[in-house]
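K.L.:
Here you go, one structure.
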2 protein chains.
Amino acid sequence: MNAPAQISDHKDSAPSPAERLWALASAEMAAVDTLILDRMQSPVGMIPDLAKHLVGAGGKRLRPLLTVACARLCGYEGESHYKLAAAVEFIHSATLLHDDVVDESALRRGKQPANLIWGNSASILVGDFLFARAFNLMVETDNMRALGILSNASSVIAEGEVQQLAALRNIDMTEAEYLEVISAKTAALFAAATEVAPVIAGRSEAECSALKDYGLKLGLAFQLVDDALDYGGFESALGKSIGDDFREGKVTLPLIRAYQSADAETAGFWKRVIVEHNQKDVDLEKAVSILRAAGALQSTLDMAHQYAVEAREALNIFPESDWRNTLQDLADYVVDRIN
Amino acid sequence: MNAPAQISDHKDSAPSPAERLWALASAEMAAVDTLILDRMQSPVGMIPDLAKHLVGAGGKRLRPLLTVACARLCGYEGESHYKLAAAVEFIHSATLLHDDVVDESALRRGKQPANLIWGNSASILVGDFLFARAFNLMVETDNMRALGILSNASSVIAEGEVQQLAALRNIDMTEAEYLEVISAKTAALFAAATEVAPVIAGRSEAECSALKDYGLKLGLAFQLVDDALDYGGFESALGKSIGDDFREGKVTLPLIRAYQSADAETAGFWKRVIVEHNQKDVDLEKAVSILRAAGALQSTLDMAHQYAVEAREALNIFPESDWRNTLQDLADYVVDRIN
């Protein structure tokens with residue numbers, strides 16, 4: 001049904017599934033946006049200034065879009081999904097602000113990261129503020145189960161971030177450990193964002209479990225593609241710099257796969273640039289050639305594609321509808337978003 | 001009834017009110033400690049290592065002690081107060097870990113701060129983990145009102161921290177602004193720690209309000225004393241370095257009061273060391289002499305004493321008991337803890 005994902009420059013003129021989902025949910029996402037802008041306000045001016053730089057200026061709002069779309073898929077007619085969607089975006093934004101300080105990245109959403117403008121301290125503290133505001137919003141929904149799901153995801157995310165930090169420059173990281181890290185740091189929030197929807201809609205345990213599974217698989221596919229793109233995308237299209245993982249010594253699946261099949265000379269190259277963290281200007285280019293020659297980027301994208309297929313299948317428990325079809329197509333799109 | 005607080009070296013041999021409260025609550029605080037140690041565990045080893053350094057190795061546990069003592073004052077017989085007390089300590093610990101990165105302090109609880117051992121990134125992320133774990137604990141109590149109180153306090157704390165950051169080196173900070181900052185960054189968590197106790201005990205609104213007020217006033221007194229001690233205590237007794245606020249250019253009440261009454265030459269001194277942040281080795285000593293001569297430390301302690309009196313009075317709504325008396329005496333102790 002789906003062709004394997006390819007690295008290509010091909011760009012369709014037809015709207016992407018993400019755009020179609022945005023169109024379906026546009027009125028509700030406008031309500032979420034209003035709520036986001038409202039709840040990042042504070043008499044302490046540095047807070048809305050910094051938050052607006054990150055949250056206000058767009059980003060794809062993919063996670064809150066998932067909450068809203070899944071709530072509609074579940075026939076939810078209340079208003080709590082706006083608050084949970086905004087809470088999900090605040091949790092995500094808080095982690096981005098803290099990641100900027102941790103990763104020392106030079107670009108975030110195509111712009112200078114907040115910490116390079118306002119300083120690390122402001123990014124840490126405004127991140128804390130947004131995280132706390134996320135919980136304020138959740139409390140307002142008066143749904144303890146949804147709160148439990150999102151607070152659990154929050155501690156799992158932090159756990160994944162620490163595990164990733166502890167594994168920096170560890171070239172012997174296994175695929176299983178890598179999958180643990182991305183399940184925690186990325187997929188847990190996708191899974192929570194989709195699972196809270198059937199929960200507030202009062203749907204069956206089977207449907208809650210299906211939507212959690214959809215989010216988890218989608219999140220895994222998303223992060224695998226991100227990690228492949230870090231060695232193969234284009235800065236202008238991605239809004240983040242290329243080679244960040246490489247420069248930080250972050251070990252991701254492409255590198256794990258390439259290292260497994262490396263001869264002695266190539267293994268020496270990886271040890272120098274990752275373990276010893278001794279990198280020259282030409283090394284990123286060389287790393288990309290090695291990864292491509294070893295098929296490591298393609299095999300990473302293949303795994304992403306497999307998770308996308310599983311995400312699509314998880315939704316088969318729901319009857320066909322525009323919401324279901326578009327959420328299913330979104331799974332493929334997450335893998336195909338190479339442009 | 002209470003003599004005005006004095007800066008002195010006097011040390012009683014009788015147990016302090018904090019020690020008496022610990023003795024009254026010792027069995028329950030042991031349960032809180034077990035919970036704290038249990039919930040800071042993680043398969044990601046860096047998390048318990050770092051958390052144990054800060055949380056496991058003591059500290060006064062003043063805030064969770066307040067939650068436990070106030071719950072007993074309210075005749076609470078359940079087990080949720082253990083979870084809320086542990087959550088309060090986790091929120092406090094998370095802010096300490098982030099403060100260490102923000103403030104670049106050289107000592108925390110008499111030890112090297114975690115960020116100087118494990119790095120800033122680990123302190124940021126483990127702080128996030130503890131903060132999320134606090135919410136996991138709160139969710140388990142299944143009390144949405146308590147959750148609302150603590151999540152609101154969390155966003156107010158972050159707001160206060162950002163306001164303090166934005167006011168660094170601002171010698172024109174007013175007393176009102178200073179009180180806003182310390183109400184938010186310190187007193188809000190004390191107030192939440194005490195208010196959740198009558199909430200889970202199902203006590204009247206008047207009693208909830210009285211205990212919130214007690215915590216707020218106690219927290220204000222506590223921070224005022226802290227800010228005076230930063231210019232007048234002894235490193236060995238305090239477990240934090242002296243002159244931190246001065247070196248960071250943090251404007252606190254002693255400085256605000258001294259600047260108000262400064263002649264042109266002294267005003268010039270404050271502008272150089274705080275606004276221009278141009279400090280020489282002898283400047284801290286000179287600052288302390290100016291503050292003492294202007295009576296600024298004593299007037300800060302007097303204000304703390306006044307808040308302690310109000311904290312004591314707030315508890316008069318409760319019938320006399322060991323719990324009430326010791327909590328009332330604790331208010332005086334917070335001001336008198338000069339040794």
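Here, A, B, ... name the chains of the structure tokens in the order displayed, residue numbers run from 1 inside each chain, and ligands are numbered from 1 in the same displayed order.
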For Asp230 in chain B, work out the shell of residues within 8 Å, counting only C-alpha atoms and skipping chain neighbours fewer than 4 positions away, then give it as an MDAnalysis selection string.

P.N.:
chainID B and resid 226 241:245

K.L.:
Following superposition of chain B onto chain A on all C-alpha atoms, paired in order, what is the C-alpha RMSD to one decimal in Å?

P.N.:
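Fitting chain B to chain A over paired C-alpha atoms yields 0.0 Å.
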
K.L.:
Up to 8 Å from chain B, what residues of chain A turn up? Count only C-alpha atoms and give them as a VMD selection string.

P.N.:
chain A and resid 42 44 46 to 47 98 101 to 102 120 to 122 124 to 126 128 to 133 135 to 136 139 142 144 147 to 148 151 to 152 154 to 156 158 to 159 161 to 163 165 to 166

K.L.:
Write a file of the selected residues as a tab-separated table (two decimals), in the first residue's frame, keeping N, CA and C atoms.

P.N.:
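Written output follows (selection15.tsv):
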chain	number	residue	atom	x	y	z
A	42	SER	N	1.73	36.93	31.44
A	42	SER	CA	2.15	37.12	32.82
A	42	SER	C	2.51	38.59	32.97
A	44	VAL	N	4.95	39.54	34.42
A	44	VAL	CA	6.41	39.55	34.30
A	44	VAL	C	6.75	39.47	32.81
A	46	MET	N	9.14	39.42	30.73
A	46	MET	CA	10.09	38.54	30.06
A	46	MET	C	9.44	37.21	29.68
A	47	ILE	N	8.41	36.82	30.44
A	47	ILE	CA	7.77	35.51	30.18
A	47	ILE	C	7.02	35.50	28.85
A	98	HIS	N	14.33	23.87	27.51
A	98	HIS	CA	15.40	23.23	28.29
A	98	HIS	C	16.39	22.51	27.38
A	101	VAL	N	19.13	24.73	26.01
A	101	VAL	CA	20.25	24.96	26.94
A	101	VAL	C	21.14	23.72	27.00
A	102	VAL	N	20.50	22.54	27.04
A	102	VAL	CA	21.25	21.29	27.16
A	102	VAL	C	22.06	21.01	25.89
A	120	ASN	N	20.53	31.53	29.21
A	120	ASN	CA	20.15	30.21	29.69
A	120	ASN	C	19.20	30.28	30.87
A	121	SER	N	19.45	31.20	31.80
A	121	SER	CA	18.62	31.27	33.00
A	121	SER	C	17.16	31.52	32.65
A	122	ALA	N	16.94	32.47	31.74
A	122	ALA	CA	15.57	32.79	31.36
A	122	ALA	C	14.91	31.59	30.68
A	124	ILE	N	15.54	28.42	31.16
A	124	ILE	CA	15.25	27.41	32.18
A	124	ILE	C	13.97	27.79	32.94
A	125	LEU	N	13.92	29.05	33.39
A	125	LEU	CA	12.81	29.46	34.27
A	125	LEU	C	11.50	29.62	33.51
A	126	VAL	N	11.56	30.12	32.27
A	126	VAL	CA	10.31	30.23	31.50
A	126	VAL	C	9.83	28.83	31.10
A	128	ASP	N	10.15	26.24	33.03
A	128	ASP	CA	9.46	25.82	34.26
A	128	ASP	C	8.06	26.43	34.35
A	129	PHE	N	7.98	27.69	33.99
A	129	PHE	CA	6.68	28.38	34.03
A	129	PHE	C	5.68	27.70	33.10
A	130	LEU	N	6.10	27.43	31.85
A	130	LEU	CA	5.18	26.81	30.89
A	130	LEU	C	4.77	25.41	31.33
A	131	PHE	N	5.71	24.69	31.93
A	131	PHE	CA	5.41	23.35	32.42
A	131	PHE	C	4.36	23.42	33.54
A	132	ALA	N	4.53	24.37	34.44
A	132	ALA	CA	3.55	24.53	35.53
A	132	ALA	C	2.20	24.97	34.97
A	133	ARG	N	2.24	25.89	34.01
A	133	ARG	CA	0.98	26.33	33.40
A	133	ARG	C	0.24	25.18	32.71
A	135	PHE	N	0.07	22.22	33.81
A	135	PHE	CA	-0.68	21.53	34.87
A	135	PHE	C	-1.87	22.36	35.34
A	136	ASN	N	-1.72	23.69	35.34
A	136	ASN	CA	-2.88	24.53	35.67
A	136	ASN	C	-4.03	24.23	34.71
A	139	VAL	N	-5.62	20.82	35.39
A	139	VAL	CA	-6.47	20.83	36.58
A	139	VAL	C	-7.85	21.35	36.22
A	142	ASP	N	-10.54	19.01	35.18
A	142	ASP	CA	-11.12	18.20	36.25
A	142	ASP	C	-11.16	16.71	35.88
A	144	MET	N	-8.93	13.54	36.31
A	144	MET	CA	-7.71	13.05	36.98
A	144	MET	C	-6.99	12.01	36.13
A	147	LEU	N	-4.92	13.80	33.65
A	147	LEU	CA	-3.79	14.39	34.38
A	147	LEU	C	-2.71	13.35	34.68
A	148	GLY	N	-3.16	12.16	35.05
A	148	GLY	CA	-2.21	11.08	35.34
A	148	GLY	C	-1.42	10.70	34.10
A	151	SER	N	1.01	13.65	33.35
A	151	SER	CA	2.09	13.82	34.33
A	151	SER	C	3.06	12.64	34.25
A	152	ASN	N	2.51	11.46	33.97
A	152	ASN	CA	3.39	10.31	33.79
A	152	ASN	C	4.28	10.49	32.55
A	154	SER	N	5.30	13.23	31.41
A	154	SER	CA	6.29	14.27	31.73
A	154	SER	C	7.49	13.69	32.46
A	155	SER	N	7.26	12.76	33.40
A	155	SER	CA	8.42	12.21	34.09
A	155	SER	C	9.18	11.24	33.18
A	156	VAL	N	8.46	10.54	32.31
A	156	VAL	CA	9.12	9.64	31.36
A	156	VAL	C	9.98	10.45	30.38
A	158	ALA	N	11.47	13.34	30.92
A	158	ALA	CA	12.68	13.79	31.62
A	158	ALA	C	13.65	12.63	31.80
A	159	GLU	N	13.10	11.46	32.11
A	159	GLU	CA	13.93	10.26	32.24
A	159	GLU	C	14.66	9.97	30.92
A	161	GLU	N	15.40	12.08	28.55
A	161	GLU	CA	16.39	13.13	28.30
A	161	GLU	C	17.66	12.88	29.11
A	162	VAL	N	17.49	12.44	30.36
A	162	VAL	CA	18.67	12.16	31.19
A	162	VAL	C	19.41	10.93	30.63
A	163	GLN	N	18.64	9.92	30.22
A	163	GLN	CA	19.28	8.72	29.65
A	163	GLN	C	20.08	9.09	28.41
A	165	LEU	N	21.39	12.01	27.76
A	165	LEU	CA	22.55	12.77	28.22
A	165	LEU	C	23.65	11.83	28.71
A	166	ALA	N	23.24	10.83	29.48
A	166	ALA	CA	24.21	9.89	30.05
A	166	ALA	C	24.86	9.04	28.95

K.L.:
When you look at range 274-278 of chain B with a cut-off of 9 Å (counting only C-alpha atoms), what residues show up, excluding the ones that are within fewer than 6 positions of it in the same chain? I need them as a list in words.

P.N.:
Leu168, Arg169, Asn170, Ile171, Phe246, Arg247, Glu248, Gly249, Lys250 and Val251 of chain B

K.L.:
Using only N, CA and C atoms, please write the residues we just selected to a file, as a tab-separated table (two decimals), in the first residue's frame.

P.N.:
chain	number	residue	atom	x	y	z
B	168	LEU	N	17.58	41.72	38.29
B	168	LEU	CA	19.00	41.69	38.68
B	168	LEU	C	19.64	43.04	38.38
B	169	ARG	N	20.43	43.53	39.35
B	169	ARG	CA	21.20	44.78	39.17
B	169	ARG	C	20.31	46.01	39.04
B	170	ASN	N	19.00	45.84	39.32
B	170	ASN	CA	18.11	47.00	39.27
B	170	ASN	C	18.02	47.62	40.66
B	171	ILE	N	18.86	48.63	40.90
B	171	ILE	CA	18.95	49.23	42.23
B	171	ILE	C	17.70	50.03	42.57
B	246	PHE	N	24.84	39.59	46.92
B	246	PHE	CA	25.68	40.73	46.57
B	246	PHE	C	26.46	40.47	45.28
B	247	ARG	N	27.10	39.30	45.24
B	247	ARG	CA	27.92	38.97	44.06
B	247	ARG	C	27.09	38.83	42.79
B	248	GLU	N	25.86	38.34	42.95
B	248	GLU	CA	25.00	38.18	41.77
B	248	GLU	C	24.33	39.48	41.36
B	249	GLY	N	24.41	40.50	42.21
B	249	GLY	CA	23.69	41.75	41.93
B	249	GLY	C	22.20	41.60	42.19
B	250	LYS	N	21.85	40.68	43.11
B	250	LYS	CA	20.45	40.47	43.47
B	250	LYS	C	20.05	41.52	44.50
B	251	VAL	N	19.01	42.28	44.18
B	251	VAL	CA	18.61	43.37	45.07
B	251	VAL	C	17.58	42.85	46.07

K.L.:
Could you pull out the alpha helix (DSSP H) residues of range 22-266 of chain A from DSSP and send them as a ChimeraX atom specification?

P.N.:
/A:22-24,26-39,46-51,62-73,80-103,114-118,120-141,144-166,175-182,188-200,205-229,235-238,244-248,253-260,264-266

K.L.:
What's around range 297-307 of chain B at 9 Å? Count only C-alpha atoms, leave out sequence neighbours fewer than 5 positions away in its own chain, and write the answer as a VMD selection string.

P.N.:
chain B and resid 2 4 to 7 216 to 225 227 to 229 231 to 232 253 to 255 257 to 258 288 291 to 292 312 331 to 332 334 to 336

K.L.:
Tell me, as a PyMOL selection string, which residues lie within 12 Å of Ala206 in chain B, counting only C-alpha atoms; anything in the same chain fewer than 3 positions away does not count.

P.N.:
chain B and resi 195+198-199+202-203+209-213+314-318

K.L.:
I need the chosen residues saved as a short mmCIF file (atom, residue, chain, number, x, y, z; two decimals), in the first residue's frame, with C-alpha atoms.

P.N.:
data_model
loop_
_atom_site.label_atom_id
_atom_site.label_comp_id
_atom_site.auth_asym_id
_atom_site.auth_seq_id
_atom_site.Cartn_x
_atom_site.Cartn_y
_atom_site.Cartn_z
CA GLU B 195 -3.09 24.90 52.69
CA PRO B 198 -6.94 21.26 55.65
CA VAL B 199 -8.05 20.63 52.06
CA GLY B 202 -12.03 18.37 54.50
CA ARG B 203 -11.90 21.28 56.95
CA SER B 209 -7.66 30.20 54.58
CA ALA B 210 -6.01 30.42 58.02
CA LEU B 211 -3.44 27.73 57.19
CA LYS B 212 -2.70 29.29 53.80
CA ASP B 213 -2.14 32.59 55.58
CA ALA B 314 -3.30 32.96 61.95
CA LEU B 315 -3.33 29.67 63.89
CA ASN B 316 -5.45 31.02 66.74
CA ILE B 317 -8.52 29.76 64.88
CA PHE B 318 -7.45 26.23 65.93
#
